[in-house]
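Undergrad: Structure file query29.cif, mmCIF, C-alpha atoms and all ligand atoms, is pasted below:
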```cif
data_input
loop_
_atom_site.label_atom_id
_atom_site.label_comp_id
_atom_site.auth_asym_id
_atom_site.auth_seq_id
_atom_site.Cartn_x
_atom_site.Cartn_y
_atom_site.Cartn_z
CA MET A 1 8.34 15.42 -34.65
CA GLY A 2 9.75 12.70 -32.35
CA THR A 3 8.07 9.32 -32.18
CA ILE A 4 8.40 6.81 -29.35
CA LEU A 5 6.97 3.30 -29.09
CA ILE A 6 6.73 1.81 -25.61
CA GLU A 7 5.97 -1.91 -25.86
CA ASN A 8 5.65 -5.14 -23.87
CA GLY A 9 4.53 -3.38 -20.66
CA ALA A 10 1.35 -3.51 -18.58
CA VAL A 11 -0.40 -0.30 -19.72
CA LEU A 12 -3.01 1.51 -17.63
CA THR A 13 -5.95 2.53 -19.85
CA ASP A 14 -9.43 3.79 -19.04
CA GLU A 15 -10.60 0.17 -19.31
CA GLY A 16 -7.98 -1.17 -16.90
CA TRP A 17 -4.58 -2.78 -17.42
CA LEU A 18 -3.60 -4.09 -20.86
CA GLU A 19 -1.12 -6.93 -20.31
CA PRO A 20 0.82 -6.55 -22.48
CA GLY A 21 0.04 -3.34 -24.26
CA TYR A 22 1.81 -0.58 -26.14
CA VAL A 23 1.83 3.23 -26.12
CA TRP A 24 2.58 5.17 -29.30
CA VAL A 25 3.80 8.74 -28.68
CA VAL A 26 3.96 11.32 -31.48
CA GLY A 27 5.48 14.68 -30.55
CA GLU A 28 4.12 15.84 -27.21
CA ARG A 29 1.04 13.60 -27.16
CA ILE A 30 -0.11 10.01 -26.88
CA GLU A 31 -1.34 8.98 -30.32
CA THR A 32 -2.48 5.41 -29.68
CA VAL A 33 -2.76 2.97 -26.80
CA GLY A 34 -3.36 -0.67 -27.71
CA ALA A 35 -3.33 -4.27 -26.55
CA GLY A 36 -0.72 -6.84 -27.54
CA LYS A 37 1.97 -5.98 -30.08
CA ALA A 38 2.04 -2.68 -31.96
CA PRO A 39 1.09 -2.92 -35.67
CA ALA A 40 4.00 -3.13 -38.13
CA GLU A 41 3.40 0.39 -39.52
CA ILE A 42 3.93 1.88 -36.03
CA CYS A 43 7.09 -0.20 -35.44
CA ASP A 44 8.44 0.97 -38.81
CA GLN A 45 7.90 4.66 -37.98
CA ALA A 46 9.24 4.60 -34.41
CA GLY A 47 12.21 6.88 -33.79
CA GLU A 48 12.74 5.25 -30.38
CA ILE A 49 11.53 1.89 -29.11
CA ILE A 50 11.45 1.35 -25.35
CA SER A 51 10.84 -2.18 -24.08
CA ALA A 52 8.80 -2.16 -20.87
CA GLY A 53 8.88 -5.90 -20.13
CA TYR A 54 7.89 -6.70 -16.50
CA CYS A 55 7.06 -3.00 -16.05
CA ALA A 56 3.91 -0.95 -15.53
CA VAL A 57 3.30 2.03 -17.81
CA LEU A 58 1.08 4.67 -16.22
CA PRO A 59 0.43 8.43 -16.03
CA GLY A 60 3.16 10.53 -14.40
CA LEU A 61 2.68 11.43 -10.73
CA VAL A 62 1.96 14.88 -9.31
CA ASN A 63 3.65 16.15 -6.16
CA ALA A 64 1.03 18.74 -5.26
CA HIS A 65 2.93 20.39 -2.39
CA THR A 66 6.60 20.77 -1.63
CA HIS A 67 9.15 23.43 -0.71
CA LEU A 68 12.19 23.05 -2.96
CA SER A 69 14.09 25.61 -0.85
CA GLN A 70 14.16 23.00 1.93
CA THR A 71 16.15 20.52 -0.15
CA PHE A 72 19.24 21.70 1.74
CA MET A 73 17.39 21.41 5.07
CA ARG A 74 16.44 17.75 5.14
CA GLY A 75 17.25 15.70 8.20
CA LEU A 76 16.79 18.63 10.58
CA ALA A 77 13.30 18.11 12.08
CA GLY A 78 15.10 16.83 15.19
CA GLY A 79 11.95 15.87 17.06
CA ARG A 80 10.58 19.42 17.17
CA PRO A 81 6.89 20.29 16.72
CA LEU A 82 5.89 22.62 13.87
CA ILE A 83 6.34 26.08 15.41
CA ALA A 84 9.65 25.32 17.22
CA TRP A 85 10.98 23.61 14.06
CA LEU A 86 10.23 26.76 12.05
CA LYS A 87 11.80 29.18 14.54
CA ASP A 88 14.93 27.16 15.49
CA LEU A 89 15.94 25.76 12.12
CA ILE A 90 13.95 26.60 9.05
CA TRP A 91 13.72 30.39 9.31
CA PRO A 92 17.48 30.90 10.05
CA LEU A 93 18.39 28.76 7.02
CA GLN A 94 15.79 30.39 4.77
CA ASN A 95 17.08 33.82 5.75
CA ALA A 96 20.69 32.87 4.99
CA ILE A 97 20.34 31.06 1.65
CA THR A 98 21.70 32.91 -1.40
CA PRO A 99 20.03 32.86 -4.85
CA GLU A 100 22.89 30.68 -6.16
CA GLU A 101 22.42 28.15 -3.33
CA LEU A 102 18.67 28.21 -3.85
CA HIS A 103 19.13 27.52 -7.57
CA LEU A 104 21.17 24.40 -6.70
CA ALA A 105 18.66 23.32 -4.02
CA ALA A 106 15.81 23.65 -6.51
CA LEU A 107 17.66 21.67 -9.20
CA LEU A 108 18.44 18.93 -6.68
CA GLY A 109 14.85 18.79 -5.42
CA LEU A 110 13.48 18.65 -8.96
CA VAL A 111 15.89 15.87 -9.96
CA GLU A 112 14.80 13.90 -6.89
CA ASN A 113 11.14 14.40 -7.89
CA LEU A 114 11.94 13.32 -11.46
CA ARG A 115 13.73 10.20 -10.24
CA CYS A 116 10.60 9.22 -8.29
CA GLY A 117 8.34 9.48 -11.35
CA THR A 118 6.90 12.91 -10.59
CA THR A 119 6.14 14.76 -13.81
CA GLU A 120 4.46 17.76 -12.18
CA VAL A 121 5.49 19.64 -9.02
CA VAL A 122 3.82 22.42 -7.04
CA ASN A 123 6.59 24.30 -5.25
CA HIS A 124 5.36 26.49 -2.40
CA HIS A 125 8.26 28.88 -2.74
CA LYS A 126 9.15 29.72 0.85
CA VAL A 127 12.19 31.92 1.48
CA ILE A 128 12.58 35.59 2.25
CA PRO A 129 11.84 36.39 -1.34
CA THR A 130 13.99 38.69 -3.35
CA ILE A 131 13.52 38.89 -7.09
CA ALA A 132 16.83 37.06 -7.52
CA HIS A 133 15.76 34.20 -5.19
CA THR A 134 12.44 33.63 -6.93
CA ASP A 135 13.92 33.92 -10.40
CA ALA A 136 16.64 31.41 -9.44
CA VAL A 137 13.90 28.83 -8.79
CA CYS A 138 12.00 29.71 -11.99
CA GLU A 139 15.25 29.24 -13.93
CA ALA A 140 15.92 25.87 -12.24
CA ALA A 141 12.41 24.68 -13.12
CA THR A 142 12.84 25.76 -16.73
CA ALA A 143 16.24 24.02 -16.91
CA ILE A 144 14.90 20.67 -15.66
CA GLY A 145 11.65 20.76 -17.65
CA LEU A 146 9.23 19.09 -15.24
CA ARG A 147 5.81 20.75 -15.20
CA THR A 148 6.22 23.12 -12.26
CA THR A 149 4.02 25.65 -10.51
CA ILE A 150 5.76 28.15 -8.26
CA ALA A 151 3.31 29.33 -5.62
CA ARG A 152 5.09 32.48 -4.42
CA SER A 153 4.73 32.51 -0.63
CA TRP A 154 4.30 35.66 1.43
CA SER A 155 3.29 36.88 4.86
CA ASP A 156 2.27 40.39 5.87
CA ARG A 157 2.01 39.64 9.61
CA GLY A 158 4.62 38.62 12.19
CA ALA A 159 8.27 37.63 11.61
CA ASN A 160 9.73 38.11 8.12
CA ARG A 161 6.67 39.99 6.90
CA GLU A 162 6.68 41.96 3.66
CA SER A 163 4.71 45.08 2.83
CA PRO A 164 1.44 44.52 0.94
CA ALA A 165 2.64 46.79 -1.89
CA LEU A 166 5.81 44.76 -2.35
CA ILE A 167 3.95 41.42 -2.29
CA MET A 168 1.40 42.56 -4.89
CA ALA A 169 4.08 44.07 -7.14
CA ASP A 170 6.21 40.91 -7.05
CA LEU A 171 3.23 38.64 -7.71
CA GLU A 172 2.25 40.83 -10.65
CA ARG A 173 5.82 40.72 -11.96
CA LEU A 174 5.99 36.93 -11.66
CA PHE A 175 2.68 36.43 -13.44
CA ASP A 176 3.78 38.74 -16.25
CA GLN A 177 7.28 37.32 -16.59
CA TRP A 178 6.96 33.59 -15.92
CA HIS A 179 3.33 32.41 -15.86
CA ALA A 180 2.23 29.98 -18.59
CA SER A 181 5.70 29.83 -20.09
CA GLU A 182 5.90 26.35 -21.61
CA ARG A 183 5.99 24.02 -18.52
CA LEU A 184 6.13 26.69 -15.78
CA ASN A 185 3.24 28.40 -13.99
CA ILE A 186 2.93 30.88 -11.12
CA ALA A 187 0.39 30.77 -8.27
CA ASN A 188 -0.38 32.84 -5.19
CA GLY A 189 1.06 31.18 -2.04
CA PRO A 190 0.07 32.89 1.25
CA ILE A 191 2.21 31.04 3.78
CA ALA A 192 -0.40 30.30 6.48
CA LEU A 193 -3.52 32.01 7.81
CA TRP A 194 -1.93 33.09 11.08
CA ARG A 195 0.67 35.12 9.16
CA CYS A 196 -1.57 36.76 6.55
CA SER A 197 -4.16 39.54 6.77
CA ALA A 198 -7.67 39.04 5.42
CA ASP A 199 -7.30 42.04 3.14
CA MET A 200 -4.13 40.69 1.49
CA LEU A 201 -5.55 37.16 1.19
CA LEU A 202 -8.49 38.57 -0.76
CA ARG A 203 -6.46 40.95 -2.93
CA SER A 204 -3.80 38.37 -3.85
CA ARG A 205 -6.45 35.77 -4.67
CA GLU A 206 -8.17 38.23 -7.00
CA LEU A 207 -4.84 38.85 -8.75
CA ALA A 208 -4.26 35.10 -9.21
CA GLN A 209 -7.79 34.70 -10.59
CA LYS A 210 -7.14 37.52 -13.06
CA HIS A 211 -4.20 35.50 -14.42
CA GLY A 212 -6.18 32.24 -14.53
CA SER A 213 -4.22 30.82 -11.61
CA TYR A 214 -4.94 29.73 -8.05
CA THR A 215 -4.14 30.27 -4.37
CA HIS A 216 -2.24 27.61 -2.42
CA PHE A 217 -1.80 27.87 1.38
CA HIS A 218 -1.16 25.90 4.60
CA VAL A 219 -4.38 25.55 6.61
CA SER A 220 -5.01 23.69 9.89
CA GLU A 221 -1.76 21.74 9.86
CA SER A 222 -1.42 21.61 13.66
CA LEU A 223 -3.71 22.01 16.67
CA ASP A 224 -1.70 25.12 17.68
CA GLU A 225 -2.81 26.81 14.48
CA VAL A 226 -6.46 26.08 15.17
CA GLN A 227 -6.08 27.57 18.65
CA MET A 228 -4.35 30.66 17.23
CA SER A 229 -7.26 31.15 14.82
CA LEU A 230 -9.80 30.75 17.62
CA ASP A 231 -7.89 33.30 19.77
CA ASP A 232 -7.49 35.71 16.87
CA THR A 233 -10.85 35.52 15.08
CA GLY A 234 -13.11 33.43 17.32
CA LEU A 235 -13.47 30.96 14.43
CA ARG A 236 -11.73 27.78 13.30
CA PRO A 237 -9.47 28.33 10.22
CA VAL A 238 -11.73 26.94 7.48
CA THR A 239 -14.81 28.55 9.04
CA TRP A 240 -12.93 31.86 9.07
CA LEU A 241 -11.93 31.43 5.41
CA ASP A 242 -15.58 30.84 4.55
CA SER A 243 -16.61 33.91 6.60
CA ILE A 244 -14.43 36.17 4.41
CA ASP A 245 -15.57 34.38 1.22
CA LEU A 246 -12.15 32.92 0.50
CA LEU A 247 -12.98 29.32 -0.38
CA GLY A 248 -13.47 28.03 -3.91
CA PRO A 249 -12.14 25.63 -6.54
CA ASP A 250 -9.16 28.00 -6.94
CA THR A 251 -8.08 27.81 -3.27
CA GLN A 252 -5.94 24.77 -2.49
CA VAL A 253 -6.03 23.93 1.21
CA VAL A 254 -2.76 22.23 2.15
CA HIS A 255 -2.90 19.79 5.11
CA ALA A 256 -6.44 20.17 6.59
CA VAL A 257 -5.36 17.84 9.40
CA TRP A 258 -7.57 19.49 12.01
CA VAL A 259 -10.86 20.16 10.25
CA ASP A 260 -14.15 19.33 11.93
CA ASP A 261 -17.29 18.01 10.21
CA SER A 262 -18.73 21.46 9.57
CA GLU A 263 -15.43 22.60 8.01
CA ILE A 264 -15.34 19.51 5.75
CA ASP A 265 -18.84 20.42 4.65
CA LEU A 266 -17.69 23.98 3.85
CA LEU A 267 -14.73 22.67 1.80
CA ALA A 268 -17.01 20.31 -0.13
CA ARG A 269 -19.62 22.96 -0.87
CA ALA A 270 -16.98 25.44 -2.02
CA GLY A 271 -15.24 22.83 -4.21
CA ALA A 272 -11.93 23.69 -2.51
CA PRO A 273 -9.33 20.93 -3.05
CA VAL A 274 -7.25 19.57 -0.17
CA ILE A 275 -3.57 18.65 -0.52
CA HIS A 276 -2.81 15.72 1.80
CA CYS A 277 0.78 15.37 3.11
CA PRO A 278 0.63 12.33 5.41
CA VAL A 279 4.37 11.70 5.83
CA SER A 280 5.15 15.31 6.76
CA ASN A 281 2.19 15.35 9.17
CA ALA A 282 3.65 12.26 10.87
CA VAL A 283 7.23 13.58 11.01
CA LEU A 284 6.14 16.80 12.73
CA GLY A 285 3.66 14.96 14.96
CA SER A 286 0.87 17.14 13.55
CA GLY A 287 -1.82 14.45 13.24
CA ILE A 288 -3.65 12.40 10.61
CA ALA A 289 -5.95 14.22 8.18
CA PRO A 290 -9.47 12.73 7.83
CA LEU A 291 -8.88 11.56 4.24
CA ALA A 292 -11.76 9.07 4.04
CA LYS A 293 -14.22 11.61 5.44
CA LEU A 294 -13.01 14.35 3.08
CA GLN A 295 -13.44 12.04 0.10
CA SER A 296 -16.80 10.68 1.18
CA GLN A 297 -18.08 14.27 1.44
CA GLY A 298 -16.87 14.93 -2.12
CA VAL A 299 -13.74 16.97 -1.41
CA SER A 300 -11.12 16.54 -4.14
CA VAL A 301 -7.81 15.40 -2.59
CA ARG A 302 -4.30 15.40 -4.10
CA LEU A 303 -1.06 14.19 -2.53
CA GLY A 304 2.07 16.10 -1.60
CA THR A 305 5.35 15.13 -0.01
CA ASP A 306 5.78 18.57 1.62
CA GLY A 307 9.33 19.92 1.85
CA PRO A 308 12.35 17.72 2.52
CA ALA A 309 12.80 19.42 5.92
CA SER A 310 9.66 17.67 7.15
CA ASN A 311 9.57 14.45 5.16
CA ASP A 312 12.71 13.94 4.43
CA THR A 313 12.43 12.67 0.86
CA GLN A 314 10.52 13.71 -2.23
CA ASP A 315 9.38 10.13 -2.86
CA ILE A 316 5.66 10.50 -3.57
CA TRP A 317 5.30 6.68 -3.42
CA GLU A 318 5.99 6.86 0.33
CA SER A 319 3.21 9.43 0.70
CA LEU A 320 0.88 7.28 -1.38
CA LYS A 321 1.39 4.25 0.84
CA ALA A 322 1.17 6.37 4.01
CA ALA A 323 -2.13 7.86 2.76
CA LEU A 324 -3.53 4.37 2.32
CA ASN A 325 -2.30 3.06 5.68
CA PHE A 326 -3.24 6.18 7.68
CA ALA A 327 -6.75 6.21 6.15
CA ARG A 328 -7.20 2.67 7.48
CA ILE A 329 -5.81 3.55 10.93
CA LYS A 330 -8.01 6.64 11.16
CA THR A 331 -11.20 4.74 10.25
CA LEU A 332 -10.25 1.33 11.74
CA ASP A 333 -11.41 -0.05 8.39
CA ALA A 334 -9.12 -2.22 6.24
CA THR A 335 -11.24 -1.48 3.17
CA ALA A 336 -10.74 2.29 3.38
CA LEU A 337 -8.89 3.43 0.26
CA SER A 338 -8.06 0.68 -2.26
CA PRO A 339 -4.59 0.56 -3.87
CA MET A 340 -6.01 2.09 -7.09
CA GLU A 341 -7.76 4.85 -5.11
CA ALA A 342 -4.39 5.62 -3.47
CA LEU A 343 -2.69 5.70 -6.89
CA ARG A 344 -5.36 8.09 -8.16
CA LEU A 345 -4.44 10.57 -5.41
CA ALA A 346 -1.01 10.83 -7.02
CA MET A 347 -1.43 10.24 -10.76
CA GLY A 348 -1.80 13.27 -13.04
CA ALA A 349 -4.52 11.46 -15.03
CA GLU A 350 -6.71 8.42 -14.41
CA ALA A 351 -5.29 6.53 -17.40
CA LEU A 352 -3.20 6.80 -20.56
CA VAL A 353 -5.54 7.85 -23.37
CA PRO A 354 -5.03 8.99 -26.98
CA GLY A 355 -4.76 12.76 -27.32
CA ALA A 356 -3.48 13.32 -23.77
CA PRO A 357 -0.05 14.89 -23.16
CA ALA A 358 2.64 12.18 -23.09
CA ASP A 359 3.44 12.57 -19.38
CA LEU A 360 4.04 8.98 -18.35
CA ILE A 361 6.29 6.73 -16.32
CA ILE A 362 7.59 3.20 -16.65
CA VAL A 363 7.88 1.43 -13.30
CA ASN A 364 9.96 -1.71 -12.86
CA LEU A 365 8.08 -4.54 -11.12
CA ASN A 366 10.80 -7.14 -11.73
CA HIS A 367 12.47 -7.06 -8.32
CA PRO A 368 12.17 -9.00 -5.04
CA ARG A 369 10.05 -6.33 -3.27
CA ALA A 370 7.28 -6.64 -5.89
CA MET A 371 7.49 -10.36 -6.71
CA PRO A 372 5.09 -12.06 -7.28
CA VAL A 373 2.85 -9.52 -9.01
CA HIS A 374 -0.58 -10.98 -8.30
CA ASN A 375 -2.16 -7.57 -8.70
CA ILE A 376 -0.53 -4.57 -10.41
CA ASP A 377 -2.45 -1.97 -8.35
CA SER A 378 -1.16 -3.52 -5.11
CA ALA A 379 2.38 -3.95 -6.44
CA LEU A 380 2.45 -0.24 -7.27
CA ALA A 381 0.70 1.18 -4.20
CA LEU A 382 2.24 -1.11 -1.59
CA SER A 383 5.60 -2.40 -2.90
CA THR A 384 7.00 0.39 -5.05
CA HIS A 385 9.68 2.92 -4.12
CA GLY A 386 10.72 5.94 -6.17
CA SER A 387 13.89 4.06 -7.07
CA ASP A 388 11.79 1.55 -9.04
CA VAL A 389 10.82 4.22 -11.59
CA ASP A 390 12.84 3.35 -14.67
CA THR A 391 11.83 5.89 -17.33
CA VAL A 392 10.00 9.24 -17.30
CA LEU A 393 8.46 11.18 -20.19
CA VAL A 394 7.13 14.75 -19.95
CA ALA A 395 5.34 16.09 -23.04
CA GLY A 396 6.92 13.30 -25.08
CA GLN A 397 10.45 14.22 -23.96
CA ILE A 398 12.43 11.40 -22.35
CA MET A 399 13.65 12.99 -19.09
CA MET A 400 15.07 9.80 -17.53
CA ARG A 401 15.73 6.46 -19.22
CA ASP A 402 16.95 3.26 -17.52
CA ARG A 403 17.41 5.40 -14.33
CA GLN A 404 19.77 7.78 -16.17
CA VAL A 405 18.73 11.42 -15.79
CA LEU A 406 19.08 12.98 -19.25
CA VAL A 407 18.31 16.65 -18.48
CA LEU A 408 21.51 17.57 -16.62
CA ASP A 409 24.86 16.26 -15.33
CA GLU A 410 23.70 14.70 -12.07
CA ALA A 411 27.17 13.88 -10.67
CA ALA A 412 28.32 17.49 -11.14
CA LEU A 413 25.13 18.77 -9.47
CA LEU A 414 25.68 16.54 -6.40
CA ALA A 415 29.27 17.78 -6.05
CA GLU A 416 28.20 21.44 -6.28
CA CYS A 417 25.40 20.91 -3.74
CA ARG A 418 27.75 19.27 -1.22
CA GLN A 419 29.98 22.34 -1.27
CA ALA A 420 27.14 24.87 -1.16
CA VAL A 421 25.47 23.27 1.89
CA ASN A 422 28.65 23.56 3.97
CA SER A 423 28.90 27.29 3.45
CA LEU A 424 25.13 27.79 4.05
CA ARG A 425 25.28 26.00 7.42
CA LYS A 426 28.15 28.23 8.57
CA ARG A 427 26.36 31.43 7.51
CA ALA A 428 23.12 30.35 9.25
CA GLY A 429 25.05 29.69 12.49
CA LEU A 430 24.16 25.99 12.60
CA ASN A 431 27.69 24.57 12.85
ZN ZN B 501 4.37 22.89 3.41
#
```
For this file, produce the structure as structure tokens.
TA:
Amino acid sequence: MGTILIENGAVLTDEGWLEPGYVWVVGERIETVGAGKAPAEICDQAGEIISAGYCAVLPGLVNAHTHLSQTFMRGLAGGRPLIAWLKDLIWPLQNAITPEELHLAALLGLVENLRCGTTEVVNHHKVIPTIAHTDAVCEAATAIGLRTTIARSWSDRGANRESPALIMADLERLFDQWHASERLNIANGPIALWRCSADMLLRSRELAQKHGSYTHFHVSESLDEVQMSLDDTGLRPVTWLDSIDLLGPDTQVVHAVWVDDSEIDLLARAGAPVIHCPVSNAVLGSGIAPLAKLQSQGVSVRLGTDGPASNDTQDIWESLKAALNFARIKTLDATALSPMEALRLAMGAEALVPGAPADLIIVNLNHPRAMPVHNIDSALALSTHGSDVDTVLVAGQIMMRDRQVLVLDEAALLAECRQAVNSLRKRAGLN
């Protein structure tokens, strides 16, 4: 079993920061976390010793919503609102991408997440799904080794719809073939309420529940969507979800930008988590989600970057800072959301504790943007970029060390991606 000693860093524990402290990793788990120097018997046993001087050592971050298929589509929002952006750019590219190109896009997106200190990614898998396309992403996730959930998207209404039988069969296949395989999980990912029937939402959720998984969907991202729901059902989106009994701890509501007080109350009572994507919501001009209100009503909130086509990066630190700043703009209150509260939206755990999986990151604070470090929480939440993440461990495996990605040949991947994007653009008619 591998052993790693991380020493000399500021270590986040359940009692606050230890400065300095050490973390002792045995196999896949954290064995000990302590203040000061590690005892001699630990130093003697350590297979690897990582010095974290002038660094913070904290739990790995979770990117709770992205679309890895869009990694080849970044930089294309072009000032369009949500629906026009989908129809003019995203759907033509999604329809043209091959499984081989998607495999490369997923690898690239996962490496970018890894570089930013993300140890767990929820990928809302959003292309015209063939078995080969979906499997290409599952294979990429397995190759990189970040904890990844693939929420298989689908729509049974409108453009690019699939038949209910096909959707259910493919979900069943994915659960059987890929779910709970080491660091990969499968979830149900209805694309958005306006493109899914009530019957299929209920049936697919039941299937996910049967496999111990969850449902993950876009809800109330833009005002247009709310209007479509009102025209279609006479109810606002979250109220409609409640009316068909489709809200619970296993239904992740992505965005929730346009939810009124009664809808926030419904989310809280159902225990339905919200995934907040503030940078994407700004890029598409969708609005600012009522984060402070959601939290004060007891709704659990996680952070997502959303896909590179609407962000344009996978840097969860940008989303973390945007969440903090937007919460203050929305409430006109400079005390809304402290730096540590913002960090907790992104961290996979509240602290590094013995017995927990060794999913952790080492963040460099020894650079001009962070200096002087009066307060570690502020230095992390307000001054840190993804490029400051120095080292990443997932389940005790060193995935990146001293900014060197160890899980694949990054230079070769970049070269392959450059070539693949050129041919995709031509095929999608975007040249
Ligand atoms: Zn999205």
Undergrad: Fewer than 4 positions away in the same chain doesn't count, so skip those; otherwise give me all residues within 10 Å of Ile398 in chain A, counting all atoms listed in the file, as a list in words.
TA: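 Residues near the query, excluding close chain neighbours: Ile4, Ala358, Asp359, Leu360, Ile361, Thr391, Val392, Leu393, Val394, Val405, Leu406 and Val407 of chain A.
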Undergrad: Please identify all polymer residues within 12 Å of Met399 in chain A, counting all atoms listed in the file, omitting same-chain residues fewer than 2 positions from it, and present them as a PyMOL selection string.
TA: chain A and resi 60+110-111+113-119+143-147+358-362+389-397+401-408
Undergrad: At most 7 Å from (-4.0, 14.0, 14.3), file frame, all atoms listed in the file: which residues, as number ranges by chain?
TA: A: 257-258, 286-289
Undergrad: Write out as CSV the residues of range 246-304 of chain A that have any atom within 12 Å of an atom of range 182-187 of chain A, one row each with the nearest atom pair and its distance in Å to one decimal, counting all atoms listed in the file, sorted by chain and then rising number.
TA:
```
residue,atom,partner,partner_atom,distance
A:Asp250,CA,A:Ala187,CA,10.0
A:Thr251,CA,A:Ala187,CA,10.3
A:Gln252,CA,A:Ala187,CA,10.5
```
Undergrad: Name the residues within 6 Å of (-14.2, 25.3, 10.9), counting all atoms listed in the file in the file's coordinates, and put them as an NGL selection string.
TA: :A and (236-239 or 263)
Undergrad: How would you report the residues lying within 12 Å of ligand ZN 501 (chain B), as a PyMOL selection string, if you count only C-alpha atoms and all ligand atoms?
TA: chain A and resi 63-70+82+86+90+122-126+151+153+189-192+216-222+253-256+275-281+284+303-311
Undergrad: List the spatial neighbours of Cys43 in chain A as a ChimeraX atom specification - criterion: any atom at most 12 Å away, all atoms listed in the file, same-chain residues fewer than 2 positions off excluded.
TA: /A:3-7,22-25,37-41,45-50
Undergrad: Please dump the current selection as a short mmCIF file (atom, residue, chain, number, x, y, z; two decimals), in the frame of the given file; keep C-alpha atoms.
TA:
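New file result26.cif:
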```
data_model
loop_
_atom_site.label_atom_id
_atom_site.label_comp_id
_atom_site.auth_asym_id
_atom_site.auth_seq_id
_atom_site.Cartn_x
_atom_site.Cartn_y
_atom_site.Cartn_z
CA THR A 3 8.07 9.32 -32.18
CA ILE A 4 8.40 6.81 -29.35
CA LEU A 5 6.97 3.30 -29.09
CA ILE A 6 6.73 1.81 -25.61
CA GLU A 7 5.97 -1.91 -25.86
CA TYR A 22 1.81 -0.58 -26.14
CA VAL A 23 1.83 3.23 -26.12
CA TRP A 24 2.58 5.17 -29.30
CA VAL A 25 3.80 8.74 -28.68
CA LYS A 37 1.97 -5.98 -30.08
CA ALA A 38 2.04 -2.68 -31.96
CA PRO A 39 1.09 -2.92 -35.67
CA ALA A 40 4.00 -3.13 -38.13
CA GLU A 41 3.40 0.39 -39.52
CA GLN A 45 7.90 4.66 -37.98
CA ALA A 46 9.24 4.60 -34.41
CA GLY A 47 12.21 6.88 -33.79
CA GLU A 48 12.74 5.25 -30.38
CA ILE A 49 11.53 1.89 -29.11
CA ILE A 50 11.45 1.35 -25.35
#
```
Undergrad: So which residues touch Phe72 in chain A within 10 Å, counting only C-alpha atoms, skipping near sequence neighbours fewer than 4 positions away, as a ChimeraX atom specification?
TA: /A:68,76,93-94,97,101-102,104-106,108-109,308-309,417-418,420-422,424-425
Undergrad: Rank A:Leu365, A:Leu246, A:Ala198, A:Ala327 by their smallest atom-to-atom distance to Asp232 in chain A, using all atoms listed in the file, and report the top residue only.
TA: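 Comparing A:Leu365, A:Leu246, A:Ala198, A:Ala327 against Asp232 in chain A, the winner is A:Ala198.
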Undergrad: Just the residues within 12 Å of Glu206 in chain A, please, counting all atoms listed in the file, with nothing from its chain fewer than 6 positions along; format it as a PyMOL selection string.
TA: chain A and resi 168+171-172+187-188+199-200+212-215+245-246+248+250-251
Undergrad: As an exercise, work out the distance from CA of Tyr54 in chain A to CA of Asn366 in chain A in Å and give it to one decimal place.
TA: 5.6 Å
